[in-house]
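Shown here: coords-v2.cif, mmCIF, C-alpha atoms.
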```cif
data_data
loop_
_atom_site.label_atom_id
_atom_site.label_comp_id
_atom_site.auth_asym_id
_atom_site.auth_seq_id
_atom_site.Cartn_x
_atom_site.Cartn_y
_atom_site.Cartn_z
CA MET H 1 0.00 0.00 0.00
CA GLN H 2 1.39 3.39 -1.04
CA GLN H 3 1.18 6.19 1.53
CA SER H 4 0.61 9.71 0.33
CA TYR H 5 3.11 12.35 1.37
CA ARG H 6 1.08 15.37 2.49
CA THR H 7 2.67 18.80 2.85
CA VAL H 8 1.54 22.39 3.34
CA ASP H 9 3.10 25.78 2.64
CA VAL H 10 2.67 28.47 5.30
CA GLU H 11 2.94 32.20 4.57
CA ARG H 12 2.70 35.13 6.97
CA ARG H 13 1.41 38.44 5.61
CA GLY H 14 4.08 41.13 5.84
CA TYR H 15 6.77 38.51 6.50
CA GLY H 16 6.73 36.02 3.65
CA ARG H 17 6.99 32.27 3.39
CA ARG H 18 7.43 30.55 6.77
CA TYR H 19 7.42 26.92 5.61
CA THR H 20 7.60 25.20 2.25
CA TRP H 21 6.51 21.57 2.01
CA LEU H 22 5.99 21.19 5.77
CA PRO H 23 5.08 17.49 6.23
CA VAL H 24 1.78 16.87 8.01
CA ASP H 25 0.18 13.67 9.32
CA GLU H 26 -3.47 14.72 8.98
CA LEU H 27 -4.88 17.22 6.50
CA SER H 28 -8.42 18.36 5.69
CA ARG H 29 -10.06 21.63 4.77
CA GLU H 30 -10.86 22.15 8.47
CA GLU H 31 -7.50 21.36 10.10
CA PHE H 32 -4.08 19.79 9.86
CA ALA H 33 -2.00 18.02 12.49
CA ILE H 34 1.61 16.99 12.96
CA ASP H 35 2.55 14.11 15.28
CA PHE H 36 6.01 14.61 16.84
CA THR H 37 6.30 11.13 18.38
CA ASP H 38 9.89 9.88 17.84
CA ALA H 39 10.87 13.25 16.31
CA TYR H 40 13.78 15.46 17.35
CA ILE H 41 11.78 18.69 17.21
CA ARG H 42 8.73 19.54 19.30
CA PRO H 43 5.47 21.40 18.55
CA GLU H 44 6.66 24.64 20.18
CA MET H 45 9.51 24.82 17.62
CA ILE H 46 7.05 25.28 14.73
CA ASP H 47 6.14 28.96 14.24
CA ILE H 48 2.55 29.00 12.99
CA GLN H 49 0.17 31.70 14.21
CA PRO H 50 -3.48 32.64 13.69
CA GLY H 51 -3.83 34.69 10.52
CA ASP H 52 -1.12 32.78 8.61
CA ILE H 53 -2.08 31.59 5.12
CA VAL H 54 -1.84 27.85 4.37
CA ARG H 55 -1.77 26.32 0.87
CA TRP H 56 -1.73 22.69 -0.22
CA ARG H 57 -2.64 20.50 -3.16
CA GLU H 58 -5.77 18.38 -3.49
CA GLY H 59 -5.19 16.44 -6.65
CA GLU H 60 -4.63 19.01 -9.40
CA ARG H 61 -6.13 21.93 -7.44
CA GLN H 62 -4.36 24.22 -5.01
CA ILE H 63 -6.34 25.03 -1.82
CA GLN H 64 -5.84 28.06 0.40
CA ALA H 65 -7.09 28.67 3.96
CA LYS H 66 -6.35 30.92 6.91
CA VAL H 67 -5.14 29.67 10.31
CA ALA H 68 -7.88 30.16 12.91
CA THR H 69 -6.28 28.55 15.99
CA VAL H 70 -3.10 26.68 16.90
CA THR H 71 -3.02 24.07 19.69
CA ARG H 72 0.27 22.64 20.93
CA GLU H 73 0.26 19.49 23.05
CA ALA H 74 3.23 17.49 24.31
CA LEU H 75 3.72 15.60 21.02
CA MET H 76 1.04 17.04 18.71
CA LEU H 77 0.46 20.28 16.83
CA ARG H 78 -3.13 20.92 15.68
CA VAL H 79 -4.01 23.82 13.43
CA ARG H 80 -7.67 24.71 12.78
CA LEU H 81 -8.33 26.35 9.41
CA GLU H 82 -11.07 28.67 8.15
CA GLY H 83 -12.19 29.85 4.75
CA ALA H 84 -10.66 26.98 2.75
CA ALA H 85 -11.28 27.45 -0.96
CA PRO H 86 -9.71 26.32 -4.23
CA LEU H 87 -7.46 28.83 -5.97
CA PRO H 88 -7.93 29.60 -9.66
CA PRO H 89 -6.13 27.14 -11.96
CA ASP H 90 -3.72 29.87 -13.10
CA ALA H 91 -2.75 30.95 -9.54
CA PHE H 92 1.02 31.04 -9.03
CA TYR H 93 2.88 31.37 -5.73
CA PRO H 94 6.66 30.97 -5.98
#
```

As structure tokens, how would this structure be written, given the file I've shared?
Amino acid sequence: MQQSYRTVDVERRGYGRRYTWLPVDELSREEFAIDFTDAYIRPEMIDIQPGDIVRWREGERQIQAKVATVTREALMLRVRLEGAAPLPPDAFYP
């Protein structure tokens, strides 16, 4: 069975790109989560804040949403998203 490799890009308005191809364990249009079990880094080392813009691919479409809330637990980072919508096919973000 082939596992899909899910990633997100995170951008902060007025700052620029924070993360490119950040691997995530769970991803939907409502939230994403990263499990840090057996990882060297911890959730508090990931700088994601409410208001950040998140983009990812769903098949051939690019989706964009805004970070609503960020919850950090001992070994888990959960990010709730709002306003998820597909971008136009000709959208380009370097």

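Note on the selection: in this file the PyMOL selection byres ((chain H and resi 26) around 12) comes out as H:Ser4, H:Tyr5, H:Arg6, H:Thr7, H:Val8, H:Leu22, H:Pro23, H:Val24, H:Asp25, H:Leu27, H:Ser28, H:Arg29, H:Glu30, H:Glu31, H:Phe32, H:Ala33, H:Ile34, H:Asp35, H:Met76, H:Leu77, H:Arg78, H:Val79, H:Arg80.
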
Practice task
Please write the residues picked by the PyMOL selection byres ((chain H and resi 74) around 10) on this file as a list in words.
Solution key: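 On the file shown, the PyMOL selection byres ((chain H and resi 74) around 10) covers Asp35, Phe36, Thr37, Arg42, Pro43, Glu44, Arg72, Glu73, Leu75, Met76 and Leu77 of chain H.
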
Residues at most 8 Å from Glu11 (chain H), counting only C-alpha atoms, excluding those fewer than 5 positions away in the same chain, as an mmCIF file with C-alpha atoms, in the frame of the given file?
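out_8.cif written:
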```
data_model
loop_
_atom_site.group_PDB
_atom_site.id
_atom_site.type_symbol
_atom_site.label_atom_id
_atom_site.label_comp_id
_atom_site.auth_asym_id
_atom_site.auth_seq_id
_atom_site.Cartn_x
_atom_site.Cartn_y
_atom_site.Cartn_z
ATOM 1 C CA GLY H 16 6.730 36.020 3.650
ATOM 2 C CA ARG H 17 6.990 32.270 3.390
ATOM 3 C CA ARG H 18 7.430 30.550 6.770
ATOM 4 C CA TYR H 19 7.420 26.920 5.610
ATOM 5 C CA ASP H 52 -1.120 32.780 8.610
ATOM 6 C CA ILE H 53 -2.080 31.590 5.120
ATOM 7 C CA VAL H 54 -1.840 27.850 4.370
#
```

Handout entry: Residues near Gly83 (chain H), cut-off 8 Å, only C-alpha atoms, skip fewer than 2 positions along chain, as a PyMOL selection string
Key = chain H and resi 64-66+81+85

Practice task
Could you please determine the separation between CA of Arg57 (chain H) and CA of Met45 (chain H) in Å, to one decimal place?
Solution key: 24.5 Å

Problem - Gap from CA of Ala68 (chain H) to CA of Ile46 (chain H) - Å, one decimal - result: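 Going from CA of Ala68 (chain H) over to CA of Ile46 (chain H) covers 15.8 Å.
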